[in-house]
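Quick look at structure-v5.txt (compact mmCIF, C-alpha atoms and all ligand atoms):
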# COMPACT_ATOMS: atom_id res chain seq x y z
CA MET A 191 15.51 22.74 10.44
CA LEU A 192 15.67 19.39 12.11
CA ASP A 193 13.42 17.86 9.52
CA ARG A 194 14.43 14.35 8.60
CA PRO A 195 13.43 12.99 5.25
CA PRO A 196 11.28 9.87 5.65
CA GLY A 197 13.33 6.74 5.27
CA ALA A 198 16.61 8.35 6.22
CA GLY A 199 18.05 5.79 8.52
CA ALA A 200 18.05 7.63 11.78
CA GLY A 201 18.96 5.02 14.33
CA PRO A 202 16.61 4.15 17.15
CA VAL A 203 19.12 5.33 19.69
CA ALA A 204 19.22 8.80 18.18
CA VAL A 205 15.43 8.98 18.16
CA MET A 206 15.13 7.94 21.75
CA ASP A 207 17.86 10.22 23.05
CA LYS A 208 16.53 13.33 21.40
CA PRO A 209 14.08 15.30 23.54
CA LYS A 210 10.77 15.58 21.79
CA LYS A 211 10.08 19.26 21.32
CA GLU A 212 9.07 19.87 17.75
CA PRO A 213 5.98 22.07 18.00
CA ILE A 214 6.68 23.81 14.70
CA LEU A 215 7.46 20.63 12.82
CA LEU A 216 4.22 19.03 13.85
CA ASN A 217 2.26 21.24 11.51
CA ASN A 218 4.45 20.29 8.61
CA GLN A 219 4.36 16.60 9.35
CA GLN A 220 0.70 16.12 9.94
CA HIS A 221 0.29 14.19 6.75
CA HIS A 222 3.28 11.98 7.55
CA TYR A 223 1.64 9.32 9.65
CA ARG A 224 3.33 6.29 11.03
CA LEU A 225 0.79 3.51 10.96
CA CYS A 226 0.87 1.14 13.89
CA LEU A 227 1.58 -2.34 12.60
CA ASN A 228 -0.40 -3.88 15.39
CA CYS A 229 -3.68 -2.01 15.20
CA GLY A 230 -3.35 0.39 12.26
CA PHE A 231 -3.69 3.53 14.34
CA PRO A 232 -2.05 6.53 12.62
CA ASN A 233 0.55 7.91 14.99
CA ARG A 234 2.77 10.94 14.63
CA GLN A 235 6.26 10.50 13.34
CA ALA A 236 7.71 11.58 16.67
CA ASP A 237 5.87 8.89 18.63
CA THR A 238 7.82 5.88 19.73
CA HIS A 239 4.82 3.95 20.98
CA CYS A 240 1.37 3.54 19.52
CA MET A 241 -1.09 5.87 21.22
CA TYR A 242 -3.76 3.24 20.99
CA CYS A 243 -2.20 -0.10 21.83
CA GLN A 244 1.23 0.95 23.16
CA THR A 245 3.14 -1.16 20.67
CA SER A 246 6.65 0.11 19.99
CA LEU A 247 6.87 2.04 16.74
CA VAL A 248 10.62 2.52 16.69
CA GLU A 249 11.95 1.26 13.41
CA ASP A 250 15.25 -0.36 14.05
CA THR A 251 16.82 -2.46 11.38
CA GLY A 252 17.70 -5.47 13.46
CA LEU A 253 16.59 -8.95 12.56
CA LEU A 254 14.36 -9.07 15.59
CA ALA A 255 12.49 -5.94 14.55
CA TRP A 256 12.09 -7.28 11.05
CA LEU A 257 10.70 -10.52 12.43
CA ARG A 258 8.33 -8.61 14.67
CA GLN A 259 7.04 -6.48 11.80
CA THR A 260 6.61 -9.53 9.59
CA PHE A 261 4.73 -11.22 12.38
CA TYR A 262 2.41 -8.26 12.77
CA ILE A 263 1.75 -8.06 9.05
CA LEU A 264 1.09 -11.78 8.77
CA ARG A 265 -1.17 -11.73 11.80
CA TRP A 266 -3.06 -8.76 10.39
CA ARG A 267 -3.63 -10.53 7.09
CA TRP A 268 -4.68 -13.67 8.86
CA GLN A 269 -7.17 -11.80 10.98
CA LEU A 270 -8.54 -10.09 7.88
CA ARG A 271 -8.96 -13.38 6.08
CA ARG A 272 -10.60 -14.96 9.08
CA LYS A 273 -12.99 -12.04 9.38
CA ARG A 274 -13.89 -12.36 5.72
CA GLU A 275 -14.44 -16.09 6.00
CA HIS A 276 -16.55 -15.47 9.06
CA LEU A 277 -18.69 -12.99 7.13
CA GLN A 278 -19.04 -15.37 4.23
CA GLY A 279 -20.00 -18.15 6.58
CA LYS A 280 -22.72 -15.97 8.04
CA SER A 281 -24.16 -14.82 4.74
CA GLY A 282 -24.04 -18.42 3.62
CA SER A 283 -23.52 -18.08 -0.10
CA GLY A 284 -20.09 -16.46 -0.45
CA LEU A 285 -21.35 -13.22 -1.90
CA GLY A 286 -17.87 -11.86 -2.61
CA ARG A 287 -16.92 -14.86 -4.70
CA HIS A 288 -20.16 -14.67 -6.64
CA LEU A 289 -19.59 -11.02 -7.29
CA GLY A 290 -16.06 -11.77 -8.50
CA TYR A 291 -17.31 -14.42 -10.91
CA PHE A 292 -20.01 -12.09 -12.12
CA LEU A 293 -17.51 -9.30 -12.77
CA ILE A 294 -15.17 -11.64 -14.61
CA GLY A 295 -18.02 -12.92 -16.75
CA VAL A 296 -19.22 -9.44 -17.59
CA LEU A 297 -15.69 -8.27 -18.33
CA LEU A 298 -14.96 -11.23 -20.60
CA SER A 299 -18.24 -10.78 -22.44
CA ALA A 300 -17.66 -7.07 -22.86
CA ALA A 301 -14.12 -7.64 -24.11
CA GLY A 302 -15.40 -10.30 -26.50
CA LEU A 303 -18.10 -8.02 -27.84
CA TYR A 304 -15.67 -5.17 -28.29
CA LEU A 305 -13.11 -7.38 -30.02
CA PHE A 306 -15.81 -8.83 -32.21
CA THR A 307 -17.05 -5.47 -33.45
CA VAL A 308 -13.48 -4.36 -34.09
CA SER A 309 -12.62 -7.52 -35.97
CA VAL A 310 -15.79 -7.27 -38.04
CA ALA A 311 -14.91 -3.69 -38.92
CA GLU A 312 -11.43 -4.87 -39.92
CA SER A 313 -12.82 -8.10 -41.40
CA SER A 314 -10.22 -10.08 -39.50
CA PHE A 315 -11.17 -13.71 -39.11
CA SER A 316 -8.64 -14.71 -36.42
CA ASN A 317 -9.58 -11.77 -34.22
CA ALA A 318 -13.24 -12.67 -34.56
CA LEU A 319 -12.41 -16.20 -33.43
CA ILE A 320 -10.61 -14.92 -30.34
CA ALA A 321 -13.53 -12.58 -29.66
CA LEU A 322 -15.96 -15.50 -29.86
CA LEU A 323 -13.75 -17.40 -27.42
CA PHE A 324 -13.91 -14.47 -25.01
CA LEU A 325 -17.67 -14.32 -25.38
CA PHE A 326 -17.94 -18.04 -24.85
CA TYR A 327 -15.88 -17.96 -21.65
CA GLY A 328 -17.74 -14.92 -20.36
CA GLY A 329 -21.10 -16.49 -21.07
CA PHE A 330 -19.95 -19.75 -19.50
CA THR A 331 -18.83 -17.99 -16.34
CA LEU A 332 -22.11 -16.12 -16.03
CA ARG A 333 -24.15 -19.21 -16.81
CA SER A 334 -22.37 -21.35 -14.21
CA LEU A 335 -22.87 -18.56 -11.72
CA PHE A 336 -26.62 -18.44 -12.16
CA ALA A 337 -26.98 -22.16 -12.58
CA ARG A 338 -25.45 -22.72 -9.14
CA LYS A 339 -28.23 -20.86 -7.39
ZN ZN B 401 -1.33 0.23 17.82
For the file at hand, write its structure as structure tokens.
Amino acid sequence: MLDRPPGAGAGPVAVMDKPKKEPILLNNQQHHYRLCLNCGFPNRQADTHCMYCQTSLVEDTGLLAWLRQTFYILRWRWQLRRKREHLQGKSGSGLGRHLGYFLIGVLLSAAGLYLFTVSVAESSFSNALIALLFLFYGGFTLRSLFARK
């Protein structure tokens, strides 16, 4: 078998020199995708260039390759953030942030309630105080959320 374990440092030269005829291995490696760093298209392990955007997929360990990958990742994140900001700007009210605040408030309140019941059952005063603090913060978060509307 010519099967290489993923991550075994097969040099780029070896990959390029080897003729690509692995019809049997393809079946075994179908779940081993190599995601394109430029566009996210799942390519086969044997591919050296993205089938969608033709970006080189060869993983060499040089500094230049590392820089290129970092650049792609950073650009991808930046695009994602910009898209999200764009969506928020369109919807106007920042729905994601509101939802996050709401979840935090609900979680804090739930944790406070749970802690409170436990501390009452154990008649622990300090735990009850902490639980009340949780409840207070949760309620405050929820209140500020609805007050802003
Ligand atoms: Zn691509």
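Contacts with ligand ZN 401 (chain B) are defined as any residue atom within 12 Å of a ligand atom, using only C-alpha atoms and all ligand atoms; the residues meeting this criterion are A:Arg224, A:Leu225, A:Cys226, A:Leu227, A:Asn228, A:Cys229, A:Gly230, A:Phe231, A:Pro232, A:Asn233, A:Arg234, A:Asp237, A:Thr238, A:His239, A:Cys240, A:Met241, A:Tyr242, A:Cys243, A:Gln244, A:Thr245, A:Ser246, A:Leu247, A:Tyr262, A:Trp266.
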A:His288 surroundings by only C-alpha atoms, 10 Å radius, close-in-sequence under 6 positions cut, as a list of chain:residue names: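 Answer for this query is A:Ile294, A:Leu332, A:Leu335, A:Phe336, A:Arg338.
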One-decimal distance in Å that lies between atom CA of A:Leu270 and atom CA of A:Arg258: 18.2 Å
Given all atoms listed in the file as the basis, pick out the residue of A:Val310, A:Ala337, A:His222, A:Gly328 nearest to A:Tyr291.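 Going through A:Val310, A:Ala337, A:His222, A:Gly328 one by one, the smallest distance to A:Tyr291 is for A:Gly328.
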Quick one, how far is atom CA of A:Tyr304 from atom CA of A:Gly286?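 We find that atom CA of A:Tyr304 and atom CA of A:Gly286 lie 26.6 Å from each other.
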Atomic distance atom CA of A:Thr331 - atom CA of A:Arg272, expressed in Å with one decimal: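 Distance between the two atoms: 26.9 Å.
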